[in-house]
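Text of structure32.tsv (TSV, C-alpha atoms) as supplied:
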```tsv
chain	number	residue	atom	x	y	z
A	197	MET	CA	-18.44	101.76	66.53
A	198	THR	CA	-22.01	102.41	65.45
A	199	THR	CA	-24.62	99.77	66.26
A	200	GLY	CA	-27.85	99.35	64.32
A	201	GLY	CA	-28.75	101.07	61.08
A	202	PRO	CA	-27.30	100.44	57.63
A	203	THR	CA	-24.20	98.37	57.05
A	204	LEU	CA	-21.18	99.40	55.06
A	205	ALA	CA	-22.43	97.02	52.36
A	206	ASP	CA	-25.70	99.00	52.21
A	207	VAL	CA	-23.76	102.24	51.81
A	208	ILE	CA	-21.58	100.72	49.09
A	209	ASP	CA	-24.68	99.53	47.20
A	210	LEU	CA	-26.01	103.09	47.23
A	211	LEU	CA	-22.69	104.62	46.17
A	212	GLU	CA	-22.17	102.12	43.36
A	213	HIS	CA	-25.68	102.74	42.06
A	214	ALA	CA	-25.06	106.50	42.02
A	215	TYR	CA	-21.43	106.26	40.85
A	216	PRO	CA	-21.20	102.94	38.97
A	217	PRO	CA	-17.66	101.49	38.99
A	218	ARG	CA	-18.08	100.63	35.30
A	219	LEU	CA	-17.85	104.38	34.58
A	220	ALA	CA	-14.34	104.59	36.01
A	221	GLU	CA	-11.43	105.05	33.64
A	222	SER	CA	-9.37	101.91	33.00
A	223	TRP	CA	-6.40	103.23	34.98
A	224	ASP	CA	-8.48	104.18	38.02
A	225	ARG	CA	-8.81	102.31	41.33
A	226	VAL	CA	-12.20	103.03	42.86
A	227	GLY	CA	-14.22	101.33	45.58
A	228	LEU	CA	-13.65	100.09	49.11
A	229	VAL	CA	-10.08	100.66	50.28
A	230	ALA	CA	-10.47	99.49	53.88
A	231	GLY	CA	-13.35	98.34	56.04
A	232	ASP	CA	-15.67	95.44	56.83
A	233	PRO	CA	-18.81	95.42	54.64
A	234	ALA	CA	-20.74	93.88	57.54
A	235	ALA	CA	-19.91	96.76	59.90
A	236	GLN	CA	-22.64	99.22	60.87
A	237	VAL	CA	-22.42	102.78	59.56
A	238	GLY	CA	-24.05	105.75	61.24
A	239	THR	CA	-21.70	108.65	60.51
A	240	VAL	CA	-19.89	109.46	57.27
A	241	VAL	CA	-17.39	112.22	56.47
A	242	VAL	CA	-16.96	113.25	52.82
A	243	ALA	CA	-13.78	114.88	51.52
A	244	VAL	CA	-11.81	115.27	48.30
A	245	ASP	CA	-8.57	113.82	49.74
A	246	ALA	CA	-7.60	111.49	52.59
A	247	THR	CA	-4.87	113.58	54.19
A	248	ASP	CA	-3.58	113.35	57.77
A	249	GLU	CA	-5.73	116.34	58.72
A	250	VAL	CA	-8.84	114.88	57.11
A	251	VAL	CA	-8.28	111.56	58.88
A	252	ASP	CA	-7.83	113.45	62.16
A	253	HIS	CA	-11.19	115.12	61.56
A	254	ALA	CA	-12.98	111.91	60.62
A	255	LEU	CA	-11.74	110.09	63.70
A	256	ALA	CA	-12.46	113.08	65.97
A	257	VAL	CA	-16.15	113.11	64.95
A	258	GLY	CA	-16.44	109.33	65.30
A	259	ALA	CA	-16.99	108.63	61.61
A	260	ASP	CA	-17.63	105.03	60.57
A	261	LEU	CA	-16.73	105.82	56.95
A	262	LEU	CA	-14.54	108.34	55.18
A	263	LEU	CA	-15.72	108.82	51.59
A	264	VAL	CA	-13.14	110.51	49.38
A	265	HIS	CA	-12.87	111.44	45.73
A	266	HIS	CA	-9.17	110.72	45.19
A	267	PRO	CA	-8.14	107.06	45.72
A	268	PRO	CA	-5.20	106.96	48.13
A	269	LEU	CA	-3.83	103.77	46.52
A	270	LEU	CA	-4.17	104.82	42.89
A	271	ARG	CA	-0.68	103.83	41.81
A	272	GLY	CA	1.28	100.68	42.54
A	273	VAL	CA	1.70	100.12	46.26
A	274	HIS	CA	3.92	97.36	47.64
A	275	SER	CA	3.48	98.11	51.32
A	276	ILE	CA	1.01	99.75	53.68
A	277	ALA	CA	3.37	99.60	56.63
A	278	ALA	CA	2.61	102.20	59.27
A	279	ASP	CA	5.95	103.93	58.66
A	280	THR	CA	4.86	104.96	55.13
A	281	PRO	CA	2.59	107.99	54.57
A	282	LYS	CA	-0.29	106.03	53.04
A	283	GLY	CA	0.16	103.08	55.37
A	284	ARG	CA	0.00	105.44	58.36
A	285	LEU	CA	-3.37	106.78	57.19
A	286	LEU	CA	-4.83	103.33	56.63
A	287	HIS	CA	-3.60	101.96	59.96
A	288	ARG	CA	-5.09	104.91	61.82
A	289	LEU	CA	-8.45	104.53	60.07
A	290	VAL	CA	-8.61	100.78	60.67
A	291	ALA	CA	-7.61	101.17	64.32
A	292	GLY	CA	-10.27	103.85	64.73
A	293	GLY	CA	-13.00	101.70	63.19
A	294	CYS	CA	-13.41	104.00	60.18
A	295	ALA	CA	-13.74	102.52	56.70
A	296	LEU	CA	-12.38	104.23	53.59
A	297	TYR	CA	-14.08	104.33	50.17
A	298	ALA	CA	-13.09	106.20	47.00
A	299	ALA	CA	-15.36	107.36	44.16
A	300	HIS	CA	-13.12	108.98	41.53
A	301	THR	CA	-13.57	109.02	37.74
A	302	ASN	CA	-16.79	107.05	38.12
A	303	ALA	CA	-18.13	110.01	40.12
A	304	ASP	CA	-16.74	112.38	37.47
A	305	SER	CA	-18.77	110.67	34.72
A	306	ALA	CA	-21.94	109.85	36.71
A	307	ARG	CA	-25.19	111.85	36.45
A	308	PRO	CA	-25.36	113.63	38.77
A	309	GLY	CA	-21.67	113.63	39.61
A	310	VAL	CA	-18.62	115.81	40.15
A	311	ASN	CA	-19.07	117.86	36.98
A	312	ASP	CA	-22.79	118.41	37.55
A	313	ALA	CA	-22.02	119.72	41.04
A	314	LEU	CA	-19.38	122.06	39.59
A	315	ALA	CA	-21.79	123.41	36.96
A	316	GLU	CA	-24.54	123.97	39.49
A	317	THR	CA	-22.13	125.79	41.82
A	318	LEU	CA	-21.53	128.22	38.97
A	319	GLY	CA	-25.29	128.64	38.46
A	320	LEU	CA	-25.31	126.63	35.22
A	321	ASP	CA	-27.58	123.84	34.06
A	322	PRO	CA	-25.33	120.80	33.52
A	323	GLY	CA	-25.55	119.95	29.83
A	324	ARG	CA	-24.31	117.03	27.80
A	325	PRO	CA	-21.01	115.36	28.65
A	326	LEU	CA	-17.92	116.80	27.01
A	327	VAL	CA	-16.67	113.24	26.35
A	328	PRO	CA	-19.54	110.71	26.52
A	329	THR	CA	-19.05	107.29	28.07
A	330	GLY	CA	-18.26	104.61	25.50
A	331	ASP	CA	-17.67	105.11	21.79
A	332	GLY	CA	-20.96	106.78	20.87
A	333	THR	CA	-22.80	103.62	19.83
A	334	VAL	CA	-25.88	102.06	21.40
A	335	ASP	CA	-27.61	98.71	21.46
A	336	ARG	CA	-31.06	98.42	19.88
A	337	TRP	CA	-33.22	95.99	21.85
A	338	VAL	CA	-36.25	94.16	20.41
A	339	VAL	CA	-38.49	92.41	22.93
A	340	THR	CA	-41.91	90.79	22.41
A	341	VAL	CA	-44.25	90.79	25.39
A	342	PRO	CA	-47.98	90.18	26.00
A	343	ASP	CA	-49.97	93.36	25.46
A	344	ASP	CA	-51.02	93.63	29.10
A	345	ASP	CA	-47.39	93.56	30.29
A	346	VAL	CA	-45.92	96.25	28.02
A	347	GLU	CA	-46.05	99.06	30.57
A	348	ASP	CA	-44.41	96.96	33.31
A	349	LEU	CA	-41.62	95.96	30.92
A	350	LEU	CA	-40.98	99.50	29.77
A	351	HIS	CA	-40.98	100.82	33.32
A	352	ALA	CA	-38.34	98.24	34.26
A	353	VAL	CA	-36.00	98.86	31.33
A	354	PHE	CA	-36.29	102.64	31.64
A	355	ALA	CA	-35.36	102.35	35.33
A	356	ALA	CA	-32.29	100.37	34.22
A	357	GLY	CA	-31.16	103.27	32.01
A	358	ALA	CA	-32.61	102.32	28.62
A	359	GLY	CA	-34.63	104.55	26.29
A	360	ARG	CA	-32.50	107.70	26.41
A	361	MET	CA	-31.78	109.61	23.21
A	362	SER	CA	-30.29	113.11	22.80
A	363	GLY	CA	-32.02	114.69	25.79
A	364	TYR	CA	-35.20	112.60	25.54
A	365	THR	CA	-36.06	109.83	27.97
A	366	GLU	CA	-38.45	106.86	27.97
A	367	CYS	CA	-38.13	106.47	24.18
A	368	SER	CA	-39.54	103.31	22.58
A	369	PHE	CA	-41.41	101.99	19.56
A	370	SER	CA	-44.18	99.38	19.70
A	371	VAL	CA	-46.20	97.39	17.18
A	372	ARG	CA	-48.74	94.65	17.84
A	373	GLY	CA	-48.59	91.13	16.45
A	374	THR	CA	-49.37	87.51	17.29
A	375	GLY	CA	-47.04	85.24	19.24
A	376	ARG	CA	-47.29	81.47	18.60
A	377	PHE	CA	-45.73	78.67	20.65
A	378	ARG	CA	-46.38	75.18	22.07
A	379	PRO	CA	-45.22	74.64	25.70
A	380	GLY	CA	-43.18	71.45	26.04
A	381	ASP	CA	-42.82	68.91	28.85
A	382	GLY	CA	-41.13	70.37	31.91
A	383	THR	CA	-42.15	73.95	31.17
A	384	THR	CA	-44.32	76.18	33.33
A	385	PRO	CA	-46.00	78.46	30.80
A	386	ALA	CA	-47.44	81.80	31.90
A	387	ARG	CA	-49.87	81.50	29.00
A	388	GLY	CA	-51.38	78.29	27.57
A	389	GLN	CA	-51.13	74.61	28.47
A	390	VAL	CA	-48.31	72.07	28.13
A	391	GLY	CA	-48.58	70.29	24.77
A	392	GLU	CA	-51.20	72.63	23.36
A	393	PRO	CA	-50.51	75.25	20.66
A	394	GLU	CA	-51.01	78.80	21.92
A	395	ARG	CA	-51.66	82.14	20.23
A	396	VAL	CA	-51.11	85.34	22.23
A	397	SER	CA	-51.63	88.97	21.25
A	398	GLU	CA	-48.17	90.41	21.83
A	399	THR	CA	-46.40	93.72	21.34
A	400	ARG	CA	-43.00	94.07	19.77
A	401	VAL	CA	-41.15	96.74	21.78
A	402	GLU	CA	-37.94	98.41	20.59
A	403	PHE	CA	-35.67	100.73	22.58
A	404	VAL	CA	-32.01	101.69	22.78
A	405	ALA	CA	-29.51	101.44	25.63
A	406	PRO	CA	-25.74	101.96	26.04
A	407	PRO	CA	-23.70	98.77	25.57
A	408	GLU	CA	-22.29	99.08	29.10
A	409	LEU	CA	-25.84	98.65	30.47
A	410	ARG	CA	-26.43	95.39	28.62
A	411	ALA	CA	-26.38	93.21	31.76
A	412	GLU	CA	-28.66	95.56	33.70
A	413	VAL	CA	-31.19	95.80	30.87
A	414	ARG	CA	-31.22	92.03	30.36
A	415	ARG	CA	-31.94	91.53	34.07
A	416	ALA	CA	-34.73	94.12	33.90
A	417	VAL	CA	-36.35	92.41	30.90
A	418	THR	CA	-36.13	89.00	32.55
A	419	ALA	CA	-37.57	90.25	35.85
A	420	ALA	CA	-40.47	92.19	34.31
A	421	HIS	CA	-41.42	89.72	31.57
A	422	PRO	CA	-44.10	87.13	32.43
A	423	TYR	CA	-42.59	84.37	30.26
A	424	GLU	CA	-40.03	81.82	31.41
A	425	VAL	CA	-37.98	82.51	28.29
A	426	PRO	CA	-38.54	86.07	27.03
A	427	ALA	CA	-37.94	86.60	23.31
A	428	MET	CA	-35.35	89.35	22.94
A	429	ASP	CA	-32.80	90.45	20.36
A	430	VAL	CA	-29.91	92.86	20.84
A	431	LEU	CA	-28.55	94.55	17.72
A	432	VAL	CA	-25.05	95.67	18.68
A	433	ASN	CA	-23.00	98.57	17.33
A	434	HIS	CA	-26.09	100.36	16.08
A	435	ALA	CA	-25.15	103.98	15.34
A	436	GLY	CA	-26.49	106.03	18.21
A	437	PRO	CA	-27.74	109.62	18.49
A	438	GLY	CA	-25.59	112.43	19.81
A	439	PRO	CA	-25.10	112.66	23.58
A	440	GLY	CA	-27.78	114.41	25.61
A	441	PRO	CA	-27.86	116.05	29.05
A	442	GLU	CA	-28.81	112.75	30.69
A	443	ASP	CA	-25.83	110.82	29.28
A	444	THR	CA	-22.81	109.94	31.38
A	445	GLY	CA	-19.25	110.95	30.57
A	446	LEU	CA	-16.41	113.26	31.49
A	447	GLY	CA	-16.90	117.03	31.61
A	448	ARG	CA	-20.00	119.04	30.77
A	449	VAL	CA	-21.05	121.54	28.10
A	450	CYS	CA	-23.24	124.34	29.45
A	451	ASP	CA	-24.72	127.57	28.13
A	452	LEU	CA	-24.64	130.77	30.16
A	453	PRO	CA	-28.01	132.49	30.73
A	454	GLY	CA	-26.56	135.52	28.95
A	455	PRO	CA	-23.24	136.59	27.43
A	456	MET	CA	-20.39	137.87	29.57
A	457	THR	CA	-16.75	138.66	28.99
A	458	LEU	CA	-13.96	136.23	29.81
A	459	ALA	CA	-12.90	138.54	32.64
A	460	GLU	CA	-16.44	138.52	34.06
A	461	PHE	CA	-16.70	134.74	33.80
A	462	THR	CA	-13.34	134.36	35.54
A	463	ALA	CA	-14.61	136.58	38.35
A	464	LEU	CA	-17.77	134.48	38.59
A	465	VAL	CA	-15.72	131.29	38.97
A	466	GLY	CA	-13.55	132.94	41.62
A	467	ALA	CA	-16.60	134.10	43.56
A	468	ARG	CA	-18.46	130.76	43.46
A	469	LEU	CA	-15.61	128.31	44.16
A	470	PRO	CA	-13.91	128.02	47.57
A	471	ARG	CA	-10.88	130.29	47.80
A	472	THR	CA	-7.39	128.86	47.42
A	473	VAL	CA	-3.87	130.24	47.12
A	474	TRP	CA	-3.88	128.98	43.53
A	475	GLY	CA	-6.85	131.20	42.79
A	476	VAL	CA	-8.50	131.43	39.38
A	477	ARG	CA	-6.72	132.61	36.23
A	478	ALA	CA	-7.66	132.94	32.58
A	479	ALA	CA	-5.83	132.63	29.27
A	480	GLY	CA	-7.15	134.62	26.30
A	481	ASP	CA	-8.45	138.10	25.61
A	482	PRO	CA	-10.23	139.27	28.79
A	483	GLU	CA	-12.86	141.01	26.64
A	484	THR	CA	-13.73	137.87	24.65
A	485	GLU	CA	-17.49	137.23	24.74
A	486	VAL	CA	-18.41	133.98	26.48
A	487	ARG	CA	-21.68	132.14	25.90
A	488	ARG	CA	-20.90	128.43	25.84
A	489	VAL	CA	-18.86	126.91	28.66
A	490	ALA	CA	-17.09	123.55	28.68
A	491	LEU	CA	-15.89	122.39	32.08
A	492	CYS	CA	-14.13	119.47	33.70
A	493	GLY	CA	-13.34	119.15	37.39
A	494	GLY	CA	-9.79	118.18	38.34
A	495	SER	CA	-7.10	117.82	35.66
A	496	GLY	CA	-8.66	118.36	32.25
A	497	ASP	CA	-5.92	119.16	29.75
A	498	SER	CA	-6.61	115.88	27.94
A	499	LEU	CA	-10.04	117.24	26.94
A	500	LEU	CA	-8.87	120.48	25.31
A	501	GLY	CA	-9.67	119.12	21.86
A	502	ALA	CA	-13.13	118.04	22.99
A	503	ALA	CA	-13.82	121.55	24.34
A	504	ARG	CA	-12.88	123.02	20.98
A	505	ALA	CA	-15.03	120.48	19.11
A	506	ALA	CA	-17.99	121.31	21.37
A	507	GLY	CA	-17.93	124.92	20.18
A	508	ALA	CA	-17.10	126.24	23.65
A	509	ASP	CA	-16.12	129.86	24.08
A	510	VAL	CA	-14.26	129.01	27.29
A	511	TYR	CA	-13.04	125.84	28.95
A	512	LEU	CA	-12.82	125.67	32.75
A	513	THR	CA	-10.57	123.03	34.31
A	514	GLY	CA	-7.45	122.64	36.48
A	515	ASP	CA	-3.73	121.84	36.44
A	516	LEU	CA	-3.09	123.50	33.08
A	517	ARG	CA	0.53	123.80	31.93
A	518	HIS	CA	2.35	126.62	30.14
A	519	HIS	CA	3.20	124.96	26.81
A	520	VAL	CA	-0.12	123.15	26.58
A	521	VAL	CA	-2.04	126.40	27.07
A	522	ASP	CA	0.18	128.36	24.70
A	523	GLU	CA	-0.17	125.82	21.88
A	524	HIS	CA	-3.91	125.48	22.48
A	525	LEU	CA	-4.47	129.22	22.04
A	526	ARG	CA	-2.18	129.41	19.01
A	527	GLU	CA	-4.26	126.68	17.36
A	528	GLY	CA	-7.44	128.71	17.80
A	529	GLY	CA	-8.89	126.87	20.81
A	530	PRO	CA	-11.36	128.49	23.21
A	531	ALA	CA	-10.25	130.70	26.07
A	532	LEU	CA	-9.20	128.87	29.20
A	533	VAL	CA	-9.94	129.33	32.88
A	534	ASP	CA	-7.69	127.45	35.29
A	535	ALA	CA	-8.72	126.90	38.91
A	536	ALA	CA	-7.32	124.79	41.76
A	537	HIS	CA	-7.89	121.05	41.32
A	538	TRP	CA	-9.32	120.71	44.84
A	539	ALA	CA	-11.66	123.69	44.48
A	540	LEU	CA	-13.18	122.33	41.25
A	541	GLU	CA	-14.03	119.01	42.88
A	542	PHE	CA	-15.03	120.18	46.35
A	543	PRO	CA	-18.69	120.95	45.40
A	544	TRP	CA	-19.22	117.20	44.84
A	545	CYS	CA	-18.76	116.57	48.57
A	546	ALA	CA	-22.09	118.21	49.44
A	547	GLN	CA	-23.80	116.25	46.65
A	548	ALA	CA	-22.43	112.94	47.97
A	549	ALA	CA	-23.30	113.79	51.57
A	550	ALA	CA	-26.91	114.57	50.62
A	551	LEU	CA	-27.09	111.30	48.65
A	552	LEU	CA	-26.00	109.31	51.71
A	553	GLU	CA	-28.34	111.05	54.14
A	554	GLU	CA	-31.35	110.65	51.86
A	555	GLY	CA	-30.46	107.19	50.59
A	556	VAL	CA	-29.53	105.24	53.72
A	557	GLY	CA	-30.26	107.61	56.57
A	558	VAL	CA	-26.74	108.10	57.87
A	559	VAL	CA	-25.37	111.37	59.24
A	560	ALA	CA	-23.10	112.65	56.48
A	561	THR	CA	-20.98	115.79	56.82
A	562	VAL	CA	-18.50	117.52	54.54
A	563	CYS	CA	-14.95	118.04	55.73
A	564	ASP	CA	-14.24	121.60	54.63
A	565	LEU	CA	-10.51	121.48	55.38
A	566	ARG	CA	-8.68	122.79	52.32
A	567	THR	CA	-6.53	119.97	51.00
A	568	ASP	CA	-5.21	122.03	48.09
A	569	PRO	CA	-1.42	121.60	48.48
A	570	TRP	CA	-0.48	125.19	47.59
A	571	THR	CA	-0.01	127.35	50.71
A	572	ALA	CA	1.54	130.67	49.63
A	573	ALA	CA	1.68	132.94	46.59
A	574	SER	CA	3.59	136.04	45.54
A	575	GLY	CA	4.15	138.27	42.55
A	576	THR	CA	0.71	138.12	40.93
A	577	ALA	CA	0.79	140.49	37.94
A	578	GLY	CA	-2.92	140.70	37.13
A	579	VAL	CA	-4.25	141.43	33.65
A	580	GLY	CA	-1.75	142.50	30.99
A	581	ARG	CA	1.88	141.73	30.14
```
I need this file expressed as structure tokens, please.
Amino acid sequence: MTTGGPTLADVIDLLEHAYPPRLAESWDRVGLVAGDPAAQVGTVVVAVDATDEVVDHALAVGADLLLVHHPPLLRGVHSIAADTPKGRLLHRLVAGGCALYAAHTNADSARPGVNDALAETLGLDPGRPLVPTGDGTVDRWVVTVPDDDVEDLLHAVFAAGAGRMSGYTECSFSVRGTGRFRPGDGTTPARGQVGEPERVSETRVEFVAPPELRAEVRRAVTAAHPYEVPAMDVLVNHAGPGPGPEDTGLGRVCDLPGPMTLAEFTALVGARLPRTVWGVRAAGDPETEVRRVALCGGSGDSLLGAARAAGADVYLTGDLRHHVVDEHLREGGPALVDAAHWALEFPWCAQAAALLEEGVGVVATVCDLRTDPWTAASGTAGVGR
């Protein structure tokens, strides 16, 4: 057990800032699975899956926390008895003083997150999300603040995630006016005197923010504003701009530096991702020219329509099925590249480890054991029919 240094609660704060639980899909189960938030953490192991071999590794290196992508208790569990596979893992971790935390679809949608790490592994700049968080609308905020406090207010709300529009950041509109008020009994005015009318040169500031950040932006306004009762309006369901490269959401849309064939792109994916028995395979004409890439780590067949709508020439994901692929191509969808689920998500581990080392000063290492379940292959036909 590590003594001194950050606590598990400190680590969780960092993880939930980087991979906010609000970004998780409704069916997901992310967060702390086992562990005492008050416990000290000095060593962390990061992996895609919590398998017996990964747990062996984490305990062998004396890890205080095992951070995984896939939640081990995702579906209904009625027992964690030690004679069940999942119960055995949890009992061993608890007995060994190692906590367990899962960052799943929240890490998929976060910026940076799983899909950004995948894009960067392929040498691509992570573009806009394939499926943005939320329904595409934004809140428009209107806040009045004394002129001298405008910059502090804007800095605070931008840090909370406001002011982002279609690839631009720190977007706002301001116009000056005059604020009038009379402080009443029991108030502690930042400007003026109790019972006396007051006139203040104020600036009306407008900016946009996603609805899911409403609580964070409100706290930022309240903390940065000098008044006891800041004047603010939130206009909900305002039609927002298209998603930009800073927006959260599933998948990414990226442009290649130059055109290549589908066969060449498939070879690139195979060379950049860790090798697995599953390998990398493509569906479509191998000579098709590829310029725009849509990608989604893990299982991404639910986003085939989004890849087509994004104008992608190829869509990279995992766990694709025969009939789904066949119908997709018959309907004129982009070419497909299918890679192992584990291999697509493994690049995130290094991203998360770097985040932990830089953010809270722990020793964070990546468990490079291949947890892809496929172990043998035969009869590969190659290109052609």
Check the smallest atom-to-atom distance from each of A:Val510, A:Leu409, A:Val310, A:Leu532 to Gly445 of chain A using all atoms listed in the file, then report the winner.
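Among the listed residues, the smallest separation from Gly445 of chain A belongs to A:Val310.
When atom CA of Gly575 of chain A is paired with atom CA of Glu541 of chain A, their separation reads 26.5 Å.
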Each residue of segment 240-358 of chain A with at least one atom at most 10 Å from segment 472-490 of chain A should appear once, together with its nearest atom pair and the corresponding distance in Å (one decimal); atoms considered: all atoms listed in the file; ordering: chain, then increasing residue number; output as CSV.
```
residue,atom,partner,partner_atom,distance
A:Ala315,CA,A:Val489,CA,9.5
A:Leu320,CA,A:Val489,CA,9.2
A:Pro322,CA,A:Ala490,CA,9.9
A:Gly323,CA,A:Ala490,CA,9.3
A:Arg324,CA,A:Ala490,CA,9.8
A:Pro325,CA,A:Ala490,CA,9.1
A:Leu326,CA,A:Ala490,CA,7.0
```
File dump, residues just selected, C-alpha atoms, as a PDB file, in the coordinates of the input:
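Saved as part.pdb:
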```pdb
ATOM      1  CA  ALA A 315     -21.790 123.410  36.960  1.00  0.00           C
ATOM      2  CA  LEU A 320     -25.310 126.630  35.220  1.00  0.00           C
ATOM      3  CA  PRO A 322     -25.330 120.800  33.520  1.00  0.00           C
ATOM      4  CA  GLY A 323     -25.550 119.950  29.830  1.00  0.00           C
ATOM      5  CA  ARG A 324     -24.310 117.030  27.800  1.00  0.00           C
ATOM      6  CA  PRO A 325     -21.010 115.360  28.650  1.00  0.00           C
ATOM      7  CA  LEU A 326     -17.920 116.800  27.010  1.00  0.00           C
TER       8      LEU A 326
END
```
With all atoms listed in the file as the atoms that count, which of A:His300, A:Arg448, A:Lys282, A:His287 lies nearest to Val264 of chain A?
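Using all atoms listed in the file, Val264 of chain A sits closest to A:His300.
For the choices A:Ala214, A:Leu219, A:Pro426, A:Glu523, the atom-to-atom distance to Ala550 of chain A is smallest for A:Ala214 when using only C-alpha atoms.
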Residues at most 9 Å from Arg376 of chain A, counting only C-alpha atoms, excluding those fewer than 4 positions away in the same chain, as number ranges by chain?
A: 393-396
Around the point (-15.9, 125.1, 24.1) in the file's coordinates, collect all residues with an atom within 9 Å, using only C-alpha atoms, and return them as a short mmCIF file (atom, residue, chain, number, x, y, z; two decimals) with C-alpha atoms, in the frame of the given file.
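Here's the written file result09.cif:
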```cif
data_model
loop_
_atom_site.label_atom_id
_atom_site.label_comp_id
_atom_site.auth_asym_id
_atom_site.auth_seq_id
_atom_site.Cartn_x
_atom_site.Cartn_y
_atom_site.Cartn_z
CA VAL A 449 -21.05 121.54 28.10
CA ARG A 488 -20.90 128.43 25.84
CA VAL A 489 -18.86 126.91 28.66
CA ALA A 490 -17.09 123.55 28.68
CA LEU A 491 -15.89 122.39 32.08
CA LEU A 500 -8.87 120.48 25.31
CA GLY A 501 -9.67 119.12 21.86
CA ALA A 502 -13.13 118.04 22.99
CA ALA A 503 -13.82 121.55 24.34
CA ARG A 504 -12.88 123.02 20.98
CA ALA A 505 -15.03 120.48 19.11
CA ALA A 506 -17.99 121.31 21.37
CA GLY A 507 -17.93 124.92 20.18
CA ALA A 508 -17.10 126.24 23.65
CA ASP A 509 -16.12 129.86 24.08
CA VAL A 510 -14.26 129.01 27.29
CA TYR A 511 -13.04 125.84 28.95
CA GLY A 529 -8.89 126.87 20.81
CA PRO A 530 -11.36 128.49 23.21
CA ALA A 531 -10.25 130.70 26.07
#
```
I'd like the contact shell of Glu221 of chain A - 12 Å cut-off, only C-alpha atoms, skipping same-chain residues fewer than 2 positions apart - returned as a list in words.
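With the cut-off at 12 Å, the set is Pro216, Pro217, Arg218, Leu219, Trp223, Asp224, Arg225, Val226, Leu270, Ala299, His300, Thr301, Asn302, Ala303, Asp304, Ser305, Ala306, Thr329, Gly330, Gly445 and Leu446 of chain A.
Here atom CA of Arg400 of chain A is placed at a distance of 28.2 Å from atom CA of Thr444 of chain A.
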Quick one: everything within 6 Å of segment 236-251 of chain A, counting all atoms listed in the file, minus sequence neighbours fewer than 2 positions away in the same chain. Send it as a list of chain:residue names.
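Counting only the stated atoms, we get A:Thr198, A:Thr199, A:Pro202, A:Thr203, A:Leu204, A:His253, A:Ala254, A:Ala259, A:Asp260, A:Leu261, A:Leu262, A:Leu263, A:Val264, A:His265, A:His266, A:Cys545, A:Val558, A:Val559, A:Ala560, A:Thr561, A:Val562, A:Cys563.
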In terms of the shortest atom-to-atom distance over only C-alpha atoms, which of A:Glu402, A:Asp321, A:Asp534, A:Asp335 is closest to Thr513 of chain A?
A:Asp534
Which residue out of A:Ala256, A:Ala205, A:Ala536, A:Leu452 has the minimum interatomic distance to Leu469 of chain A when only C-alpha atoms are used?
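Among the listed residues, A:Ala536 lies closest to Leu469 of chain A.
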Between atom CA of His537 of chain A and atom CA of Gly514 of chain A, what distance in Å does the model show, to one decimal?
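We find that atom CA of His537 of chain A and atom CA of Gly514 of chain A lie 5.1 Å from each other.
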Looking at all atoms listed in the file, which of A:Ala411, A:Ala573, A:Val346, A:Leu314 is the one that sits closest to Ala539 of chain A?
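Checking each candidate against Ala539 of chain A, we get A:Leu314 as the closest.
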Neighbouring residues of Val425 of chain A were defined as those with any atom within 10 Å, considering only C-alpha atoms; residues of the same chain fewer than 4 positions away were excluded. Please report them as a PyMOL selection string.
chain A and resi 383+385+418+421
Please report, as lines of an AutoDock Vina configuration file, the centre and edge lengths in Å to one decimal of an axis-aligned box covering all listed atoms of segment 538-551 of chain A with 3 Å per side.
```
center_x = -18.2
center_y = 117.5
center_z = 46.4
size_x = 23.8
size_y = 18.4
size_z = 16.3
```
Using the incomplete input, complete segment 440-448 of chain A to the level of N, CA and C atoms; output as a short mmCIF file (atom, residue, chain, number, x, y, z; two decimals), in the coordinates of the input.
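Here's the written file out36.cif:
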```
data_model
loop_
_atom_site.label_atom_id
_atom_site.label_comp_id
_atom_site.auth_asym_id
_atom_site.auth_seq_id
_atom_site.Cartn_x
_atom_site.Cartn_y
_atom_site.Cartn_z
N GLY A 440 -26.84 113.46 25.04
CA GLY A 440 -27.78 114.41 25.61
C GLY A 440 -27.43 114.73 27.04
N PRO A 441 -28.17 115.62 27.69
CA PRO A 441 -27.86 116.05 29.05
C PRO A 441 -28.06 114.97 30.10
N GLU A 442 -28.65 113.84 29.72
CA GLU A 442 -28.81 112.75 30.69
C GLU A 442 -27.69 111.72 30.55
N ASP A 443 -26.85 111.83 29.53
CA ASP A 443 -25.83 110.82 29.28
C ASP A 443 -24.63 111.01 30.20
N THR A 444 -23.98 109.90 30.52
CA THR A 444 -22.81 109.94 31.38
C THR A 444 -21.57 110.25 30.56
N GLY A 445 -20.50 110.65 31.25
CA GLY A 445 -19.25 110.95 30.57
C GLY A 445 -18.49 112.05 31.29
N LEU A 446 -17.27 112.27 30.86
CA LEU A 446 -16.41 113.26 31.49
C LEU A 446 -16.77 114.67 31.02
N GLY A 447 -16.66 115.64 31.94
CA GLY A 447 -16.90 117.03 31.61
C GLY A 447 -18.35 117.32 31.30
N ARG A 448 -18.65 118.61 31.14
CA ARG A 448 -20.00 119.04 30.77
C ARG A 448 -19.90 120.22 29.80
#
```
